[in-house]
Amino acid sequence: MAKASQDTSKIHFHWTKKVGTEDDDVEQPSTFKQPTSNPSDQQDKKHENIKVKTHVGVPTPRKKLQAVAIARLRAVLTAFGKNRSNPPFGGLLGPRVVGTLFGSRRGHVHFAFQKEPNSPPAFLVELATPISVLVREMASGLVRIALECDKEDNEEKKAARLLEEPVWRTYCNGKKCGFATRRDCGPKEWKILKAVEPISMGAGVLPLTEPEASDGELMYMRAKFERIIGSRDSEAFYMMNPDSNGAPELSIYLLRV
């Protein structure tokens, strides 16, 4: 009996130790892998990990959107800074333009502004002043030509650019000189502008080759002008003469009053 009791205690001792070991294995599931887990459970856990990683990566495109928004804002500010000298109502001309004054000796003065020497004129007017009178004024000193037009109450006409006005009152050095009319650039005017296209600055005489031309030779003066926009209703063009140290020899003002 004693031997049997000893064996039983031994068996009991070994049994309790085995149970304790199993309990230890059960109480630590987070530390050790469970050998009894199914492959499907492992796949589910992988999918869960993938979903969690995808959810964590969501802020990345938001950062990209912020970067794109900042880049667009910078582009808008840069364009606004570049266009400050040339507002939206400035038309096709920039801050530097090419001005050509031409006309026959016994004819009227034509004046054209071009963006480039080979571009069509954005502004072409015919003054009632004879070109001979204008030449005498320029020989005596500085010349100021003011072109004035009236504001319209019509909403459609209010939206028109200043350079698109059809009729102007003309003043030369403060004296009224009739009216100026806006003209379209026809084949005759375009031929003259093409003839003086290589000339960046200067004055001279061109021979008239048309048989019906009875007004003699064609006089011209060509130079670069600085364009200053005061508002939608006022612009000024100042002739850029590198030889003169003082005020420009010729200035043209466009006013809508």
# chains A, B, ... in the order shown; residues from 1 in each chain; ligands from 1
call {"tool": "closest_atom_pairs", "arguments": {"of": "range 93-184 of chain A", "to": "range 226-244 of chain A", "cutoff": "10 Å", "atoms": "only C-alpha atoms", "output": "Markdown table"}}
result
| residue | atom | partner | partner_atom | distance |
| --- | --- | --- | --- | --- |
| A:Leu93 | CA | A:Arg227 | CA | 8.5 |
| A:Gly94 | CA | A:Arg227 | CA | 7.3 |
| A:Pro95 | CA | A:Arg227 | CA | 4.8 |
| A:Arg96 | CA | A:Glu226 | CA | 4.9 |
| A:Val97 | CA | A:Glu226 | CA | 6.5 |
| A:Val98 | CA | A:Glu226 | CA | 8.9 |
| A:Gly99 | CA | A:Met239 | CA | 8.2 |
| A:Phe113 | CA | A:Phe237 | CA | 9.6 |
| A:Arg144 | CA | A:Tyr238 | CA | 9.6 |
| A:Ile145 | CA | A:Phe237 | CA | 9.9 |
| A:Ala146 | CA | A:Ala236 | CA | 9.1 |
| A:Glu148 | CA | A:Ser234 | CA | 9.4 |
| A:Cys149 | CA | A:Asp233 | CA | 9.4 |
| A:Asp150 | CA | A:Asp233 | CA | 9.9 |
| A:Lys151 | CA | A:Asp233 | CA | 8.7 |
| A:Lys158 | CA | A:Arg232 | CA | 9.9 |
| A:Ala159 | CA | A:Arg232 | CA | 9.6 |
| A:Ala160 | CA | A:Arg232 | CA | 9.5 |
| A:Arg161 | CA | A:Arg232 | CA | 7.4 |
| A:Leu162 | CA | A:Asp233 | CA | 6.2 |
| A:Leu163 | CA | A:Glu235 | CA | 9.1 |
call {"tool": "write_last_selection", "arguments": {"atoms": "N, CA, C and O atoms", "output": "short mmCIF file (atom, residue, chain, number, x, y, z; two decimals), in the first residue's frame"}}
result
data_model
loop_
_atom_site.label_atom_id
_atom_site.label_comp_id
_atom_site.auth_asym_id
_atom_site.auth_seq_id
_atom_site.Cartn_x
_atom_site.Cartn_y
_atom_site.Cartn_z
N LEU A 93 -1.39 95.26 -76.67
CA LEU A 93 -0.12 95.94 -76.54
C LEU A 93 0.48 95.71 -75.17
O LEU A 93 -0.23 95.46 -74.19
N GLY A 94 1.81 95.80 -75.10
CA GLY A 94 2.52 95.66 -73.85
C GLY A 94 3.07 96.98 -73.37
O GLY A 94 2.71 98.06 -73.87
N PRO A 95 4.00 96.97 -72.41
CA PRO A 95 4.56 98.23 -71.90
C PRO A 95 5.51 98.92 -72.87
O PRO A 95 5.82 100.08 -72.70
N ARG A 96 6.02 98.20 -73.88
CA ARG A 96 6.88 98.78 -74.92
C ARG A 96 6.25 98.50 -76.27
O ARG A 96 5.95 97.35 -76.59
N VAL A 97 6.03 99.54 -77.07
CA VAL A 97 5.38 99.38 -78.36
C VAL A 97 6.20 100.10 -79.42
O VAL A 97 7.08 100.91 -79.13
N VAL A 98 5.88 99.79 -80.67
CA VAL A 98 6.50 100.44 -81.82
C VAL A 98 5.49 101.42 -82.41
O VAL A 98 4.36 101.04 -82.75
N GLY A 99 5.87 102.68 -82.51
CA GLY A 99 4.99 103.72 -83.04
C GLY A 99 5.49 104.22 -84.39
O GLY A 99 6.69 104.48 -84.55
N PHE A 113 0.27 102.04 -83.69
CA PHE A 113 1.00 101.39 -82.60
C PHE A 113 0.99 99.89 -82.85
O PHE A 113 -0.07 99.29 -83.09
N ARG A 144 3.00 117.57 -77.79
CA ARG A 144 2.06 116.81 -76.97
C ARG A 144 0.75 116.70 -77.74
O ARG A 144 0.12 117.71 -78.04
N ILE A 145 0.36 115.47 -78.05
CA ILE A 145 -0.90 115.23 -78.77
C ILE A 145 -1.85 114.52 -77.82
O ILE A 145 -1.51 113.47 -77.25
N ALA A 146 -3.01 115.12 -77.63
CA ALA A 146 -4.03 114.54 -76.76
C ALA A 146 -5.24 114.16 -77.60
O ALA A 146 -5.75 114.97 -78.39
N GLU A 148 -9.09 112.80 -77.14
CA GLU A 148 -10.15 112.68 -76.15
C GLU A 148 -11.40 112.11 -76.79
O GLU A 148 -11.73 112.44 -77.94
N CYS A 149 -12.11 111.29 -76.04
CA CYS A 149 -13.42 110.77 -76.46
C CYS A 149 -14.35 110.81 -75.26
O CYS A 149 -13.91 110.97 -74.12
N ASP A 150 -15.63 110.67 -75.53
CA ASP A 150 -16.65 110.77 -74.48
C ASP A 150 -17.00 109.39 -73.95
O ASP A 150 -17.02 108.40 -74.69
N LYS A 151 -17.31 109.35 -72.65
CA LYS A 151 -17.81 108.12 -72.05
C LYS A 151 -19.25 107.89 -72.48
O LYS A 151 -20.03 108.84 -72.63
N LYS A 158 -19.52 100.75 -72.70
CA LYS A 158 -18.65 100.92 -71.54
C LYS A 158 -17.60 99.83 -71.48
O LYS A 158 -16.47 100.04 -71.01
N ALA A 159 -17.94 98.63 -71.96
CA ALA A 159 -17.00 97.51 -71.90
C ALA A 159 -15.93 97.58 -72.97
O ALA A 159 -14.99 96.80 -72.94
N ALA A 160 -16.03 98.51 -73.92
CA ALA A 160 -15.05 98.61 -75.00
C ALA A 160 -13.72 99.12 -74.46
O ALA A 160 -13.68 99.95 -73.54
N ARG A 161 -12.63 98.61 -75.03
CA ARG A 161 -11.31 99.08 -74.64
C ARG A 161 -11.08 100.49 -75.16
O ARG A 161 -11.69 100.93 -76.13
N LEU A 162 -10.16 101.17 -74.51
CA LEU A 162 -9.89 102.55 -74.89
C LEU A 162 -9.35 102.64 -76.31
O LEU A 162 -9.68 103.57 -77.06
N LEU A 163 -8.53 101.68 -76.72
CA LEU A 163 -7.94 101.70 -78.05
C LEU A 163 -8.96 101.39 -79.14
O LEU A 163 -8.65 101.54 -80.33
#
call {"tool": "closest_atom_pairs", "arguments": {"of": "range 105-222 of chain A", "to": "range 248-251 of chain A", "cutoff": "12 Å", "atoms": "only C-alpha atoms", "output": "CSV"}}
result
residue,atom,partner,partner_atom,distance
A:Leu134,CA,A:Leu250,CA,10.6
A:Val135,CA,A:Leu250,CA,11.2
A:Glu137,CA,A:Leu250,CA,10.2
A:Met138,CA,A:Glu249,CA,7.4
A:Ala139,CA,A:Glu249,CA,9.6
A:Ser140,CA,A:Glu249,CA,10.3
A:Gly141,CA,A:Glu249,CA,7.1
A:Leu142,CA,A:Glu249,CA,4.7
A:Val143,CA,A:Leu250,CA,5.0
A:Arg144,CA,A:Ser251,CA,5.0
A:Ile145,CA,A:Ser251,CA,6.2
A:Ala146,CA,A:Ser251,CA,8.4
A:Leu147,CA,A:Ser251,CA,11.0
A:Tyr171,CA,A:Ser251,CA,11.7
A:Cys172,CA,A:Ser251,CA,10.1
A:Asn173,CA,A:Ser251,CA,10.0
A:Met221,CA,A:Leu250,CA,10.9
A:Arg222,CA,A:Leu250,CA,11.2
call {"tool": "residues_around", "arguments": {"residues": "range 217-220 of chain A", "least_positions_apart": "3", "cutoff": "12 Å", "atoms": "only C-alpha atoms", "output": "JSON, numbers by chain"}}
result
{"A": [99, 100, 101, 102, 103, 104, 105, 106, 107, 108, 109, 110, 111, 112, 130, 131, 132, 134, 135, 189, 192, 193, 195, 196, 197, 199, 201, 202, 203, 204, 205, 206, 207, 208, 209, 210, 213, 214, 223]}
call {"tool": "atom_distance", "arguments": {"atom1": "CA of Leu255 in chain A", "atom2": "CA of Gln114 in chain A"}}
result
19.3 Å
call {"tool": "closest_residue", "arguments": {"among": "A:Val125, A:Leu65, A:Leu92, A:Glu116", "to": "Cys185 in chain A", "atoms": "only C-alpha atoms"}}
result
A:Val125
call {"tool": "closest_atom_pairs", "arguments": {"of": "range 138-190 of chain A", "to": "range 126-129 of chain A", "cutoff": "10 Å", "atoms": "only C-alpha atoms", "output": "JSON lines"}}
result
{"residue": "A:Leu147", "atom": "CA", "partner": "A:Leu127", "partner_atom": "CA", "distance": 9.7}
{"residue": "A:Val167", "atom": "CA", "partner": "A:Glu126", "partner_atom": "CA", "distance": 9.8}
{"residue": "A:Trp168", "atom": "CA", "partner": "A:Leu127", "partner_atom": "CA", "distance": 9.0}
{"residue": "A:Arg169", "atom": "CA", "partner": "A:Leu127", "partner_atom": "CA", "distance": 9.3}
{"residue": "A:Thr170", "atom": "CA", "partner": "A:Leu127", "partner_atom": "CA", "distance": 7.5}
{"residue": "A:Tyr171", "atom": "CA", "partner": "A:Thr129", "partner_atom": "CA", "distance": 9.7}
{"residue": "A:Cys172", "atom": "CA", "partner": "A:Thr129", "partner_atom": "CA", "distance": 9.0}
{"residue": "A:Lys176", "atom": "CA", "partner": "A:Thr129", "partner_atom": "CA", "distance": 9.8}
{"residue": "A:Cys177", "atom": "CA", "partner": "A:Thr129", "partner_atom": "CA", "distance": 6.2}
{"residue": "A:Gly178", "atom": "CA", "partner": "A:Ala128", "partner_atom": "CA", "distance": 5.8}
{"residue": "A:Phe179", "atom": "CA", "partner": "A:Ala128", "partner_atom": "CA", "distance": 5.9}
{"residue": "A:Ala180", "atom": "CA", "partner": "A:Leu127", "partner_atom": "CA", "distance": 4.3}
{"residue": "A:Thr181", "atom": "CA", "partner": "A:Glu126", "partner_atom": "CA", "distance": 5.3}
{"residue": "A:Arg182", "atom": "CA", "partner": "A:Glu126", "partner_atom": "CA", "distance": 6.4}
{"residue": "A:Arg183", "atom": "CA", "partner": "A:Glu126", "partner_atom": "CA", "distance": 6.8}
call {"tool": "write_last_selection", "arguments": {"atoms": "N, CA and C atoms", "output": "short mmCIF file (atom, residue, chain, number, x, y, z; two decimals), in the first residue's frame"}}
result
data_model
loop_
_atom_site.label_atom_id
_atom_site.label_comp_id
_atom_site.auth_asym_id
_atom_site.auth_seq_id
_atom_site.Cartn_x
_atom_site.Cartn_y
_atom_site.Cartn_z
N LEU A 147 -5.69 112.93 -77.42
CA LEU A 147 -6.89 112.42 -78.08
C LEU A 147 -7.93 112.14 -77.00
N VAL A 167 -13.88 107.58 -82.59
CA VAL A 167 -13.68 109.01 -82.90
C VAL A 167 -13.06 109.70 -81.70
N TRP A 168 -12.12 110.62 -81.98
CA TRP A 168 -11.40 111.34 -80.94
C TRP A 168 -11.34 112.83 -81.29
N ARG A 169 -11.39 113.66 -80.29
CA ARG A 169 -11.05 115.08 -80.43
C ARG A 169 -9.54 115.23 -80.30
N THR A 170 -8.94 116.03 -81.16
CA THR A 170 -7.49 116.12 -81.22
C THR A 170 -7.01 117.48 -80.73
N TYR A 171 -5.96 117.44 -79.88
CA TYR A 171 -5.32 118.66 -79.39
C TYR A 171 -3.81 118.49 -79.58
N CYS A 172 -3.18 119.49 -80.16
CA CYS A 172 -1.73 119.47 -80.36
C CYS A 172 -1.14 120.66 -79.60
N LYS A 176 -6.76 122.98 -80.36
CA LYS A 176 -7.65 122.00 -80.97
C LYS A 176 -7.34 121.88 -82.47
N CYS A 177 -7.27 120.61 -82.91
CA CYS A 177 -6.88 120.34 -84.31
C CYS A 177 -7.86 119.40 -84.98
N GLY A 178 -9.15 119.60 -84.74
CA GLY A 178 -10.15 118.77 -85.40
C GLY A 178 -10.34 117.43 -84.72
N PHE A 179 -10.60 116.41 -85.52
CA PHE A 179 -10.93 115.09 -84.99
C PHE A 179 -9.98 114.04 -85.60
N ALA A 180 -9.87 112.94 -84.88
CA ALA A 180 -9.12 111.77 -85.35
C ALA A 180 -10.08 110.60 -85.44
N THR A 181 -9.87 109.77 -86.44
CA THR A 181 -10.76 108.63 -86.70
C THR A 181 -9.95 107.34 -86.70
N ARG A 182 -10.49 106.36 -86.02
CA ARG A 182 -9.83 105.05 -86.00
C ARG A 182 -10.01 104.38 -87.36
N ARG A 183 -8.93 103.79 -87.88
CA ARG A 183 -8.93 103.15 -89.18
C ARG A 183 -8.54 101.68 -89.06
#
call {"tool": "select_by_dssp", "arguments": {"residues": "range 124-257 of chain A", "states": "alpha helix (DSSP H)", "output": "ChimeraX atom specification"}}
result
/A:131-140,155-158,187-195
call {"tool": "write_last_selection", "arguments": {"atoms": "C-alpha atoms", "output": "PDB file, in the first residue's frame"}}
result
ATOM      1  CA  ILE A 131       1.657 116.169 -91.608  1.00  0.00           C
ATOM      2  CA  SER A 132       3.495 119.342 -92.657  1.00  0.00           C
ATOM      3  CA  VAL A 133       2.005 121.169 -89.649  1.00  0.00           C
ATOM      4  CA  LEU A 134       3.065 118.396 -87.314  1.00  0.00           C
ATOM      5  CA  VAL A 135       6.596 118.423 -88.717  1.00  0.00           C
ATOM      6  CA  ARG A 136       6.873 122.173 -88.023  1.00  0.00           C
ATOM      7  CA  GLU A 137       5.630 121.663 -84.464  1.00  0.00           C
ATOM      8  CA  MET A 138       8.188 118.943 -83.823  1.00  0.00           C
ATOM      9  CA  ALA A 139      10.972 121.078 -85.280  1.00  0.00           C
ATOM     10  CA  SER A 140      10.152 123.880 -82.818  1.00  0.00           C
ATOM     11  CA  GLU A 155     -23.269  99.164 -70.995  1.00  0.00           C
ATOM     12  CA  GLU A 156     -21.955  97.521 -74.157  1.00  0.00           C
ATOM     13  CA  LYS A 157     -19.942 100.602 -75.091  1.00  0.00           C
ATOM     14  CA  LYS A 158     -18.650 100.920 -71.537  1.00  0.00           C
ATOM     15  CA  PRO A 187      -3.466  96.858 -97.945  1.00  0.00           C
ATOM     16  CA  LYS A 188      -2.098 100.391 -98.445  1.00  0.00           C
ATOM     17  CA  GLU A 189      -1.357 100.986 -94.765  1.00  0.00           C
ATOM     18  CA  TRP A 190       0.075  97.499 -94.338  1.00  0.00           C
ATOM     19  CA  LYS A 191       2.396  98.038 -97.311  1.00  0.00           C
ATOM     20  CA  ILE A 192       3.776 101.190 -95.685  1.00  0.00           C
ATOM     21  CA  LEU A 193       4.314  99.444 -92.344  1.00  0.00           C
ATOM     22  CA  LYS A 194       6.097  96.568 -94.078  1.00  0.00           C
ATOM     23  CA  ALA A 195       8.341  99.063 -95.907  1.00  0.00           C
TER      24      ALA A 195
END
call {"tool": "atom_distance", "arguments": {"atom1": "CA of Ser200 in chain A", "atom2": "CA of Lys224 in chain A"}}
result
7.4 Å
